[in-house]
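Asks: Input my_file.pdb, format and content: PDB, C-alpha atoms.
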```pdb
ATOM      1  CA  MET V   1     109.602 -87.654  76.376
ATOM      2  CA  ASN V   2     109.504 -84.170  74.829
ATOM      3  CA  THR V   3     105.799 -84.665  74.054
ATOM      4  CA  ILE V   4     105.070 -85.698  77.633
ATOM      5  CA  LYS V   5     106.999 -82.763  79.041
ATOM      6  CA  THR V   6     105.340 -80.302  76.666
ATOM      7  CA  SER V   7     101.870 -81.606  77.610
ATOM      8  CA  CYS V   8     102.773 -81.377  81.283
ATOM      9  CA  LEU V   9     103.985 -77.784  81.005
ATOM     10  CA  ALA V  10     100.929 -76.823  78.959
ATOM     11  CA  ALA V  11      98.641 -78.238  81.676
ATOM     12  CA  ALA V  12     100.563 -76.326  84.332
ATOM     13  CA  VAL V  13     100.230 -73.075  82.363
ATOM     14  CA  LEU V  14      96.474 -73.578  81.961
ATOM     15  CA  VAL V  15      95.990 -74.252  85.679
ATOM     16  CA  SER V  16      98.205 -71.293  86.583
ATOM     17  CA  GLY V  17      96.033 -69.106  84.357
ATOM     18  CA  ALA V  18      92.916 -70.393  86.065
ATOM     19  CA  LEU V  19      94.388 -69.566  89.465
ATOM     20  CA  VAL V  20      95.393 -66.052  88.434
ATOM     21  CA  SER V  21      91.951 -65.344  86.908
ATOM     22  CA  ALA V  22      89.981 -66.922  89.769
ATOM     23  CA  PRO V  23      86.597 -65.256  90.367
ATOM     24  CA  VAL V  24      86.244 -62.756  93.170
ATOM     25  CA  SER V  25      84.096 -65.222  95.136
ATOM     26  CA  ALA V  26      86.937 -67.794  95.247
ATOM     27  CA  GLN V  27      88.835 -67.927  98.530
ATOM     28  CA  MET V  28      92.620 -67.777  98.339
ATOM     29  CA  TYR V  29      94.852 -69.878 100.593
ATOM     30  CA  ALA V  30      98.524 -70.682 101.114
ATOM     31  CA  SER V  31     100.024 -73.833 102.583
ATOM     32  CA  GLY V  32     103.331 -75.374 103.540
ATOM     33  CA  SER V  33     104.344 -78.834 104.713
ATOM     34  CA  LEU V  34     107.282 -80.869 105.962
ATOM     35  CA  GLY V  35     107.502 -84.636 106.027
ATOM     36  CA  LEU V  36     109.232 -87.970 105.562
ATOM     37  CA  PHE V  37     110.077 -89.037 102.012
ATOM     38  CA  SER V  38     110.235 -92.844 101.696
ATOM     39  CA  PRO V  39     111.286 -93.804  98.133
ATOM     40  CA  ASN V  40     110.783 -97.329  96.827
ATOM     41  CA  ASP V  41     113.779 -99.249  95.493
ATOM     42  CA  SER V  42     114.606 -98.543  91.845
ATOM     43  CA  THR V  43     114.714-101.748  89.787
ATOM     44  CA  ALA V  44     116.238-102.644  86.412
ATOM     45  CA  ARG V  45     116.761-105.749  84.294
ATOM     46  CA  GLY V  46     118.273-106.754  80.976
ATOM     47  CA  ASN V  47     121.386-108.162  79.333
ATOM     48  CA  GLY V  48     121.132-111.261  81.501
ATOM     49  CA  PHE V  49     120.911-109.548  84.883
ATOM     50  CA  SER V  50     118.448-107.853  87.208
ATOM     51  CA  GLY V  51     119.004-105.659  90.202
ATOM     52  CA  SER V  52     117.896-102.755  92.321
ATOM     53  CA  ALA V  53     119.132 -99.553  93.909
ATOM     54  CA  GLN V  54     118.065 -98.944  97.497
ATOM     55  CA  LEU V  55     117.495 -95.344  98.577
ATOM     56  CA  ASP V  56     117.473 -93.938 102.103
ATOM     57  CA  ASN V  57     114.468 -92.230 103.647
ATOM     58  CA  GLY V  58     114.771 -88.465 103.373
ATOM     59  CA  ILE V  59     112.983 -85.175 103.844
ATOM     60  CA  ASP V  60     110.168 -83.623 101.844
ATOM     61  CA  ALA V  61     109.059 -79.977 101.887
ATOM     62  CA  ALA V  62     106.420 -78.176  99.848
ATOM     63  CA  ALA V  63     104.697 -74.808  99.474
ATOM     64  CA  ALA V  64     101.471 -74.113  97.582
ATOM     65  CA  LEU V  65      99.149 -71.267  96.638
ATOM     66  CA  GLY V  66      95.563 -72.017  95.711
ATOM     67  CA  PHE V  67      91.883 -71.101  95.590
ATOM     68  CA  ARG V  68      88.743 -72.699  96.953
ATOM     69  CA  PHE V  69      86.071 -72.443  94.256
ATOM     70  CA  THR V  70      83.203 -74.192  96.094
ATOM     71  CA  PRO V  71      82.823 -75.508  99.652
ATOM     72  CA  ASN V  72      84.190 -78.829  98.368
ATOM     73  CA  ILE V  73      86.538 -78.074  95.462
ATOM     74  CA  ARG V  74      89.891 -76.314  95.458
ATOM     75  CA  ALA V  75      92.939 -76.173  93.190
ATOM     76  CA  GLU V  76      96.518 -75.058  93.685
ATOM     77  CA  GLY V  77      99.980 -74.736  92.219
ATOM     78  CA  GLU V  78     102.723 -76.373  94.293
ATOM     79  CA  PHE V  79     106.526 -76.365  94.463
ATOM     80  CA  GLY V  80     108.146 -79.284  96.263
ATOM     81  CA  TYR V  81     111.631 -80.427  97.265
ATOM     82  CA  ALA V  82     112.810 -83.827  98.474
ATOM     83  CA  HIS V  83     116.238 -85.223  99.294
ATOM     84  CA  THR V  84     117.471 -88.797  99.534
ATOM     85  CA  ARG V  85     120.616 -90.751  98.682
ATOM     86  CA  LEU V  86     121.602 -94.084  97.197
ATOM     87  CA  ASN V  87     122.329 -96.574  99.983
ATOM     88  CA  LYS V  88     123.319 -99.730  98.150
ATOM     89  CA  ILE V  89     123.137-101.416  94.768
ATOM     90  CA  THR V  90     122.153-105.073  94.463
ATOM     91  CA  VAL V  91     122.686-107.319  91.446
ATOM     92  CA  ASN V  92     120.624-110.477  91.805
ATOM     93  CA  GLY V  93     122.780-113.600  91.902
ATOM     94  CA  VAL V  94     125.944-111.544  92.451
ATOM     95  CA  GLY V  95     125.608-109.522  95.646
ATOM     96  CA  SER V  96     125.266-106.020  97.067
ATOM     97  CA  ALA V  97     127.612-103.074  97.396
ATOM     98  CA  ALA V  98     127.333 -99.974  99.563
ATOM     99  CA  VAL V  99     127.253 -96.640  97.745
ATOM    100  CA  THR V 100     129.491 -93.700  98.573
ATOM    101  CA  GLY V 101     128.040 -90.368  97.455
ATOM    102  CA  GLY V 102     124.980 -90.600  95.230
ATOM    103  CA  ASP V 103     122.859 -87.837  96.757
ATOM    104  CA  VAL V 104     119.525 -87.300  95.018
ATOM    105  CA  ASP V 105     117.710 -83.948  94.975
ATOM    106  CA  LEU V 106     114.172 -83.803  93.610
ATOM    107  CA  TYR V 107     112.372 -80.591  92.631
ATOM    108  CA  THR V 108     108.701 -80.797  91.656
ATOM    109  CA  PHE V 109     106.264 -78.359  90.067
ATOM    110  CA  THR V 110     102.671 -79.588  90.087
ATOM    111  CA  ALA V 111      99.068 -78.506  89.575
ATOM    112  CA  ASN V 112      96.815 -80.148  92.187
ATOM    113  CA  ALA V 113      93.056 -80.455  92.717
ATOM    114  CA  TYR V 114      91.265 -81.647  95.857
ATOM    115  CA  TYR V 115      87.787 -82.565  97.057
ATOM    116  CA  ASP V 116      87.004 -81.660 100.690
ATOM    117  CA  PHE V 117      84.370 -83.659 102.569
ATOM    118  CA  THR V 118      82.984 -80.688 104.486
ATOM    119  CA  ASN V 119      80.982 -81.221 107.674
ATOM    120  CA  SER V 120      80.068 -79.436 110.888
ATOM    121  CA  SER V 121      83.179 -80.520 112.835
ATOM    122  CA  ILE V 122      86.719 -79.101 112.849
ATOM    123  CA  TYR V 123      87.922 -82.194 110.931
ATOM    124  CA  THR V 124      87.655 -82.090 107.127
ATOM    125  CA  PRO V 125      88.922 -85.189 105.285
ATOM    126  CA  TYR V 126      89.992 -84.721 101.673
ATOM    127  CA  LEU V 127      91.170 -86.621  98.598
ATOM    128  CA  GLY V 128      92.993 -85.352  95.553
ATOM    129  CA  GLY V 129      95.943 -85.513  93.251
ATOM    130  CA  GLY V 130      98.038 -83.658  90.753
ATOM    131  CA  LEU V 131     100.413 -83.781  87.828
ATOM    132  CA  GLY V 132     103.445 -81.845  86.753
ATOM    133  CA  LEU V 133     107.185 -81.843  86.203
ATOM    134  CA  ALA V 134     109.907 -83.509  88.307
ATOM    135  CA  HIS V 135     113.529 -82.364  88.014
ATOM    136  CA  GLN V 136     115.995 -84.889  89.488
ATOM    137  CA  GLU V 137     119.684 -84.332  90.219
ATOM    138  CA  LEU V 138     122.094 -87.167  91.119
ATOM    139  CA  SER V 139     125.562 -86.416  92.498
ATOM    140  CA  SER V 140     128.579 -88.516  91.559
ATOM    141  CA  GLY V 141     129.514 -91.540  93.650
ATOM    142  CA  SER V 142     130.893 -95.052  93.612
ATOM    143  CA  ALA V 143     129.989 -98.648  94.514
ATOM    144  CA  ALA V 144     132.307-101.668  94.654
ATOM    145  CA  GLY V 145     135.118 -99.580  93.203
ATOM    146  CA  VAL V 146     133.075 -98.496  90.200
ATOM    147  CA  SER V 147     132.433 -94.750  89.884
ATOM    148  CA  PHE V 148     129.408 -93.069  88.343
ATOM    149  CA  THR V 149     129.060 -89.458  87.275
ATOM    150  CA  SER V 150     126.492 -86.870  88.257
ATOM    151  CA  GLY V 151     123.468 -86.209  86.095
ATOM    152  CA  SER V 152     119.991 -84.713  85.930
ATOM    153  CA  SER V 153     116.664 -85.340  84.208
ATOM    154  CA  ASN V 154     113.236 -83.788  83.699
ATOM    155  CA  ASN V 155     110.215 -86.091  83.691
ATOM    156  CA  PHE V 156     106.439 -86.096  83.909
ATOM    157  CA  MET V 157     105.072 -87.010  87.348
ATOM    158  CA  TRP V 158     101.718 -87.577  89.029
ATOM    159  CA  GLN V 159     100.580 -87.979  92.624
ATOM    160  CA  LEU V 160      97.636 -88.930  94.822
ATOM    161  CA  GLU V 161      96.942 -87.593  98.316
ATOM    162  CA  ALA V 162      94.631 -88.208 101.271
ATOM    163  CA  GLY V 163      94.536 -86.195 104.456
ATOM    164  CA  VAL V 164      92.472 -84.314 106.979
ATOM    165  CA  SER V 165      92.351 -80.601 107.694
ATOM    166  CA  ILE V 166      92.031 -79.768 111.423
ATOM    167  CA  ALA V 167      90.830 -76.203 112.008
ATOM    168  CA  ILE V 168      92.553 -74.488 114.936
ATOM    169  CA  SER V 169      91.120 -71.062 114.084
ATOM    170  CA  PRO V 170      88.741 -69.621 111.445
ATOM    171  CA  SER V 171      91.750 -69.044 109.148
ATOM    172  CA  LEU V 172      94.396 -71.595 110.143
ATOM    173  CA  SER V 173      94.391 -75.397 109.901
ATOM    174  CA  VAL V 174      96.852 -78.180 110.688
ATOM    175  CA  VAL V 175      96.937 -80.751 107.879
ATOM    176  CA  PRO V 176      98.422 -84.260 108.333
ATOM    177  CA  ALA V 177      98.453 -86.185 105.036
ATOM    178  CA  TYR V 178      99.773 -89.139 103.044
ATOM    179  CA  ARG V 179     100.922 -88.828  99.424
ATOM    180  CA  TYR V 180     101.929 -91.365  96.774
ATOM    181  CA  ALA V 181     104.098 -89.992  93.980
ATOM    182  CA  ARG V 182     105.309 -91.589  90.731
ATOM    183  CA  ILE V 183     107.819 -90.219  88.228
ATOM    184  CA  SER V 184     107.782 -91.444  84.639
ATOM    185  CA  ASP V 185     111.558 -91.890  84.324
ATOM    186  CA  GLY V 186     111.563 -95.592  83.443
ATOM    187  CA  GLY V 187     112.333 -96.957  80.011
ATOM    188  CA  THR V 188     114.733 -99.080  77.984
ATOM    189  CA  SER V 189     118.249 -98.085  76.988
ATOM    190  CA  GLY V 190     121.080-100.320  75.796
ATOM    191  CA  GLY V 191     118.960-103.405  76.374
ATOM    192  CA  VAL V 192     118.332-102.506  80.034
ATOM    193  CA  THR V 193     114.789-101.759  81.209
ATOM    194  CA  SER V 194     114.230 -99.666  84.338
ATOM    195  CA  ASP V 195     110.960 -99.062  86.175
ATOM    196  CA  ASP V 196     109.457 -95.697  87.068
ATOM    197  CA  SER V 197     110.533 -94.078  90.333
ATOM    198  CA  GLU V 198     107.907 -93.994  93.066
ATOM    199  CA  GLY V 199     107.674 -93.184  96.736
ATOM    200  CA  ASN V 200     105.533 -92.416  99.759
ATOM    201  CA  ILE V 201     105.359 -89.146 101.656
ATOM    202  CA  PHE V 202     104.063 -88.789 105.211
ATOM    203  CA  LYS V 203     103.733 -85.116 106.031
ATOM    204  CA  ILE V 204     102.177 -82.478 108.242
ATOM    205  CA  GLY V 205     101.441 -78.946 107.126
ATOM    206  CA  LEU V 206      99.707 -75.653 107.813
ATOM    207  CA  ARG V 207      97.066 -74.035 105.604
ATOM    208  CA  TYR V 208      96.071 -70.376 105.932
ATOM    209  CA  LYS V 209      92.893 -68.940 104.383
ATOM    210  CA  PHE V 210      93.069 -65.262 103.393
TER     211      PHE V 210
END
```
How would this structure read if it were set down as structure tokens?
Replies:
Amino acid sequence: MNTIKTSCLAAAVLVSGALVSAPVSAQMYASGSLGLFSPNDSTARGNGFSGSAQLDNGIDAAAALGFRFTPNIRAEGEFGYAHTRLNKITVNGVGSAAVTGGDVDLYTFTANAYYDFTNSSIYTPYLGGGLGLAHQELSSGSAAGVSFTSGSSNNFMWQLEAGVSIAISPSLSVVPAYRYARISDGGTSGGVTSDDSEGNIFKIGLRYKF
């Protein structure tokens, strides 16, 4: 995990350096977005059982600063925040229990790159993705009379995004988009194997060109 995190941070530093030293001809922009965070259930199995943890839909917010290097290619550094909470825990063959507490806060730091399909209209579709670091914090809670303590973790993450930029002025655009995100926090411990966390984000944002 330390190797993954070190590689991730090194990539972020390199991209940050590229952004800071962008050529004069590159166009700077800033963006912000707000959306719905829909996490998939977290699953685990081992020691003769399997089960899942269901999470509620929550909010997602992000802010980014970037540069357009060509009419089609741009790159940015982004900070994101998402909030959700554990809803219930299910053990297959046993049953389900509602969770009290169990709030989850997610902070992300990513380097993203996008390809814009430029054309003569006000609508510019784009595709892209990014990688970076996800910091997760879980508050204490309980389920079926069993308490669990709070905790936090840092993990590598990656994401893919598709959207369309709608120009409402020469400098300002409205940007509806869909994003898939995956956090590499799965693994095996004590004979129990858990899958990576993943989720879907449906968002709308604003992008301003300087």
Asks: Quick check, in Å to one decimal: how far apart do CA of Gln159 (chain V) and CA of Tyr123 (chain V) lie?
Replies: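 CA of Tyr123 (chain V) lies 23.0 Å from CA of Gln159 (chain V).
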Asks: Please provide the set of residues having any atom within 8 Å of region 48-59 of chain V, restricted to only C-alpha atoms, with same-chain residues fewer than 2 positions apart removed, written as number ranges by chain.
Replies: V: 34-46, 61, 82-92
Asks: What's the separation between CA of Ser33 (chain V) and CA of Phe210 (chain V), in Å to one decimal place?
Replies: 17.7 Å
Asks: Of the candidates V:Ile183, V:Ser142, V:Gly128, V:Ser120, which one gets nearest to Tyr107 (chain V) if we count all atoms listed in the file?
Replies: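 Checking each candidate against Tyr107 (chain V), we get V:Ile183 as the closest.
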Asks: CA of Leu206 (chain V) and CA of Thr118 (chain V) are how many Å apart?
Replies: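 That distance, rounded to one decimal, is 17.8 Å.
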Asks: Neighbouring residues of Phe69 (chain V) were defined as those with any atom within 7 Å, considering all atoms listed in the file; residues of the same chain fewer than 5 positions away were excluded. Please report them as a VMD selection string.
Replies: chain V and resid 26 to 27 74
Asks: Write out as a list in words the residues lying within 10 Å of Asn47 (chain V), counting all atoms listed in the file and excluding same-chain residues fewer than 6 positions away.
Replies: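 So the residues in contact are Gly190, Gly191, Val192 and Thr193 of chain V.
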Asks: Could you tell me which residues the PyMOL selection byres ((chain V and resi 141) around 12) returns for this structure, as a CSV table (one decimal) with C-alpha atoms, keeping the file's coordinate frame?
Replies:
```
chain,number,residue,atom,x,y,z
V,85,ARG,CA,120.6,-90.8,98.7
V,86,LEU,CA,121.6,-94.1,97.2
V,87,ASN,CA,122.3,-96.6,100.0
V,88,LYS,CA,123.3,-99.7,98.2
V,89,ILE,CA,123.1,-101.4,94.8
V,98,ALA,CA,127.3,-100.0,99.6
V,99,VAL,CA,127.3,-96.6,97.7
V,100,THR,CA,129.5,-93.7,98.6
V,101,GLY,CA,128.0,-90.4,97.5
V,102,GLY,CA,125.0,-90.6,95.2
V,103,ASP,CA,122.9,-87.8,96.8
V,104,VAL,CA,119.5,-87.3,95.0
V,138,LEU,CA,122.1,-87.2,91.1
V,139,SER,CA,125.6,-86.4,92.5
V,140,SER,CA,128.6,-88.5,91.6
V,142,SER,CA,130.9,-95.1,93.6
V,143,ALA,CA,130.0,-98.6,94.5
V,144,ALA,CA,132.3,-101.7,94.7
V,145,GLY,CA,135.1,-99.6,93.2
V,146,VAL,CA,133.1,-98.5,90.2
V,147,SER,CA,132.4,-94.8,89.9
V,148,PHE,CA,129.4,-93.1,88.3
V,149,THR,CA,129.1,-89.5,87.3
V,150,SER,CA,126.5,-86.9,88.3
V,151,GLY,CA,123.5,-86.2,86.1
```
Asks: Give as a ChimeraX atom specification every residue, naming chains and numbers as the document does, that has an atom within 10 Å of (94.6, -89.5, 90.7), counting all atoms listed in the file.
Replies: /V:112-114,127-131,158-161,180
Asks: For Leu65 (chain V), work out the shell of residues within 9 Å, counting all atoms listed in the file and skipping chain neighbours fewer than 2 positions away, then give it as a list of chain:residue names.
Replies: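 The filter keeps V:Leu19, V:Met28, V:Tyr29, V:Ala30, V:Ser31, V:Ala63, V:Phe67, V:Ala75, V:Glu76, V:Gly77, V:Glu78.
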Asks: Which of these residues is nearest to Val175 (chain V), using all atoms listed in the file: V:Ala134, V:Ile204, V:Ala64, V:Met157?
Replies: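 Under the stated criterion, the closest residue is V:Ile204.
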Asks: So, counting all atoms listed in the file, which residue among V:Leu106, V:Leu133, V:Ile168, V:Val94 is closest to Ser121 (chain V)?
Replies: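 Closest candidate: V:Ile168.
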Asks: Residues within 6 Å of Gly132 (chain V), please, as a list in words. Count only C-alpha atoms; anything in the same chain fewer than 3 positions from it doesn't count.
Replies: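 Everything that qualifies: Cys8, Phe109, Thr110, Phe156 and Met157 of chain V.
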Asks: Smallest atom-to-atom distance to Gly80 (chain V): which of V:Thr188, V:Tyr208, V:Ile201, V:Phe117, using all atoms listed in the file?
Replies: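 For Gly80 (chain V), the nearest of the given residues is V:Ile201.
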Asks: Of the candidates V:Ser194, V:Tyr126, V:Thr108, V:Arg207, which shows the shortest atom-to-atom distance to Ala181 (chain V), using all atoms listed in the file?
Replies: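 Going through V:Ser194, V:Tyr126, V:Thr108, V:Arg207 one by one, the smallest distance to Ala181 (chain V) is for V:Thr108.
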Asks: For each of V:Ser197, V:Pro176, V:Thr124, V:Val164, take the minimum atom-to-atom distance to Gln136 (chain V), counting only C-alpha atoms, then give the residue where this is smallest.
Replies: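 The answer is V:Ser197, which sits nearest to Gln136 (chain V).
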Asks: Let me have the centre and edge lengths of the axis-aligned box enclosing all listed atoms of region 149-154 of chain V with 4 Å padding on every side, in Å to one decimal, as lines of an AutoDock Vina configuration file.
Replies:
```
center_x = 121.1
center_y = -86.6
center_z = 86.0
size_x = 23.8
size_y = 13.7
size_z = 12.6
```
